[in-house]
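To start, the structure under review is shown below, and the notes come after it.
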Amino acid sequence: MDRSFVKENKVQRHDVWQENFNIDSDSATKQELDDSEIFTDDYFPFANRLELLLYVLRGSKYHCIDQELFKFILHIIRVVVEDNIKSIPPFHKIWNLDIEGLELKPSVSSNKDTDKDIFYIKPSSIIEMQLSKKNTAIQLQRFPRQSNFFEGQSSGSKWKTEIKSLMAKHSSSERIYIGDNVQNGTNGECGTVVQFFSQEFENTHQVYASVKSLTRNISVIANDLLKLDQTNVYEGDDVERVQNLIEMSKQLDMDIYTVPINIFVDDTSGNRSKKWNPLSVWTLQLAGLPTSEKMKKSSHHFIGVTKPEDGSFVTPVVNDLNDMFYEGKVMYDAAYNKNVIVTSQIAVGLMDNSMASEFCHHMGAAAKENCRFCRYRNNHLLIGELRTKNKTEEILKEIENSTETSTMTGIKKKILAE
Ligand SMILES: [Zn+2]
C-alpha cells in the first residue's frame, strides 16, 4: 500500500473523530498530534484498537446496539479516561451485584389465565426516577394552567376538571390544602379553597387559589392567603382519598404534588421481515413536561412489551397507578431537594384507533356499530346511544352465553384490555 496515501488519509480521518469524540481536548492541538506520531498503522484506518472495537460493535449483528446504548458506552469510556481508572471490575461482580433497595430487577406480573410471567417497569418507579433528575423536576408543571392560548397539556380542560392539585404553599412555607378556610390578605375576605391553578403574572407563573366565599368566587395568589385555624371542609366525591392524603402530608411534614402521566400503546412487529410478529409496546411520559421536552426521545420511558396472547399490562399498571392515586408515594424531588408525596393518574392514553378500540372491548371498523363511543349504525351522522362501561360488560356477558357474534354490537372481548 502506498504509505503516503495512508498517512494523508489517517490525518483526515483523525479530524472527523476529534469533532465528535473530544476525549483529550485539553491535551494537544491537532498539529501536535500529527507531529508526535502517537498513532501507529497497526489498526489502519482506525487510530487505535478502541476505535476498531467500537466500529465492530456498531456494526454487530449479534448485539442490539442503538444510538442511546452506543452513547452510553462512549460515556463509560470517557469516565475511565477522566478518572484514570486502572482496573476493570470482573464481569460476575457487577452482573450479580444487588444492593438492598436498589434492585435492578423489573417488576413481574403473572397472568392468571396463561400462567405466564410478564415483565414490566412500574410507572411509579419511572416517575420516581424522573423526579430525581433536576432538569426534569424543575420543568414539570404541577398545577393546571389558566391561559388564553395553548400552553401544553396542563392548560387543557381535562387537567382543570379531573386532575386535582391538593396543595400550594404560602411564601412563609405554610401549606394550604384544598378545602382549607382562608382569608384574603389584601381585603380580608374569607372563604374555602376550591382548587389551585397557575397563571402568568408579571412574566412569571404564579400559583393561584380559587376561593369560594359566601357571596362570590375569587382568584387569589396563594402567597396572599392567610390560613385560618379551622378544620378542612373539603367535600368532593373523593373526600376520603383527599382527606387521607392531606393527613399524610401533615403527619410526614411533606409537600404533596400531582404528577399525571400519558401512556402510549402500539403494535409493532418483532420481526424485521414482512412476516408480522405482533408485540404490544407500552411507554410512558410525564404529562407535565413542556411540549418541546415531550418531543425528545429521552422523555419516553419504556414500561414493557408483551405478546398479545400473553396478556396485557392493564391490570398491573392500573394497580400501581391506583396505589399512587389513593395513597401517594414518598419520592425525592430534585426541584426542591427534599422528599415529597406524589400522586399520579393517567392524563391521556395515546394510541391509534384500532388500539383504542382494543381498550374499549370494541372490534373496530368491521362492526355494524363501528364507533367505540356510541352505538350509531353505519353513517355516523348523528350521535347514538353512548357506550358505558356497565353496558359493555353486560353485552360481553351476553356474547359469552350465546352464539351471537360481535359484528352487530361491535363489542368483543379483547385480551389487551383485561
Ligand atoms: Zn359515535
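Letters for chains follow the order of the C-alpha cells (A, B, ...), residue numbers begin at 1 for each chain, and ligand numbers begin at 1 in the order shown.
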
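The list of residues with at least one atom within 6 Å of region 246-258 of chain A, based on only C-alpha atoms and without residues fewer than 3 positions apart in the same chain, reads A:Ser165, A:Gln243, A:Val340, A:Ile341, A:Val342, A:Thr343, A:Ser344.
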
Those selected residues, please, written with N, CA and C atoms and delivered as a PDB file, in the first residue's frame.
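Writing done, so here's part-v4.pdb:
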ATOM      1  N   SER A 165     -54.851  19.362  41.994  1.00  0.00           N
ATOM      2  CA  SER A 165     -53.658  19.662  42.787  1.00  0.00           C
ATOM      3  C   SER A 165     -54.148  19.919  44.199  1.00  0.00           C
ATOM      4  N   GLN A 243     -58.774  13.623  51.966  1.00  0.00           N
ATOM      5  CA  GLN A 243     -58.524  13.833  53.398  1.00  0.00           C
ATOM      6  C   GLN A 243     -57.362  12.958  53.889  1.00  0.00           C
ATOM      7  N   VAL A 340     -40.980  14.397  48.893  1.00  0.00           N
ATOM      8  CA  VAL A 340     -42.357  14.891  48.812  1.00  0.00           C
ATOM      9  C   VAL A 340     -43.287  13.692  48.610  1.00  0.00           C
ATOM     10  N   ILE A 341     -44.594  13.926  48.787  1.00  0.00           N
ATOM     11  CA  ILE A 341     -45.575  12.882  48.490  1.00  0.00           C
ATOM     12  C   ILE A 341     -46.086  13.126  47.074  1.00  0.00           C
ATOM     13  N   VAL A 342     -46.085  12.076  46.260  1.00  0.00           N
ATOM     14  CA  VAL A 342     -46.519  12.239  44.869  1.00  0.00           C
ATOM     15  C   VAL A 342     -47.747  11.376  44.609  1.00  0.00           C
ATOM     16  N   THR A 343     -48.758  11.967  43.979  1.00  0.00           N
ATOM     17  CA  THR A 343     -49.891  11.184  43.500  1.00  0.00           C
ATOM     18  C   THR A 343     -49.867  11.245  41.976  1.00  0.00           C
ATOM     19  N   SER A 344     -50.489  10.266  41.346  1.00  0.00           N
ATOM     20  CA  SER A 344     -50.464  10.253  39.881  1.00  0.00           C
ATOM     21  C   SER A 344     -51.753   9.660  39.345  1.00  0.00           C
TER      22      SER A 344
END

* Could you please extract the residues within 12 Å of ligand 1, counting only C-alpha atoms and all ligand atoms, and hand them back as a ChimeraX atom specification? => /A:364-365,368-387,410

* List every residue of region 100-347 of chain A that DSSP, applied to the backbone of this structure, assigns to strand (DSSP E), and report them as a ChimeraX atom specification. => /A:107-111,116-120,145-146,167-169,175-177,181-184,190-201,204-212,217-221,225-227,256-258,261-269,278-286,301-306,329-333,338-343,346-347

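Among the candidate residues A:Ala222, A:Ala334, A:Tyr62, A:Val314, the one lying nearest to Ser173 (chain A) is A:Ala222, with distances computed using only C-alpha atoms.
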
* Interatomic distance between CA of Leu350 (chain A) and CA of Ile261 (chain A)? -> 10.7 Å

* In Å to one decimal, how far is CA of Ile221 (chain A) from CA of Asn337 (chain A)? -> 24.0 Å

* Exercise: Met295 (chain A) partners within 12 Å, only C-alpha atoms, chain neighbours under 5 positions left out, as a PyMOL selection string -> chain A and resi 152+285-287+289-290+300

* Give the alpha helix (DSSP H) residues of region 123-359 of chain A, as DSSP finds them on the backbone, and put them as a ChimeraX atom specification. => /A:123-131,134-139,157-162,239-252,291-294,314-327,353-359

* To do: Name all residues at most 9 Å from Lys134 (chain A) (count only C-alpha atoms; drop same-chain ones fewer than 3 positions away) and give them as a PyMOL selection string.
  => chain A and resi 130-131+137-139+333-337

* To do: Tell me, as a ChimeraX atom specification, which residues lie within 8 Å of Ile411 (chain A), counting only C-alpha atoms; anything in the same chain fewer than 3 positions away does not count.
  => /A:361-363,392,395-396,406-407

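Comparing A:Ala356, A:Glu394, A:Gln206, A:Leu166 by their smallest distance to Val239 (chain A), the closest is A:Leu166 (using only C-alpha atoms).
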
* Asked: To one decimal place, how far is CA of Phe196 (chain A) from CA of Ser210 (chain A) in Å?
  -> 6.2 Å

* Given only C-alpha atoms as the counted atoms, nearest of A:Ile163, A:Val265, A:Val305, A:Ala168 to Asn353 (chain A) -> A:Val265

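Counting only C-alpha atoms and comparing A:Leu54, A:Ile218, A:Met355, A:Val348, the residue that lies closest to Asp266 (chain A) is A:Met355.
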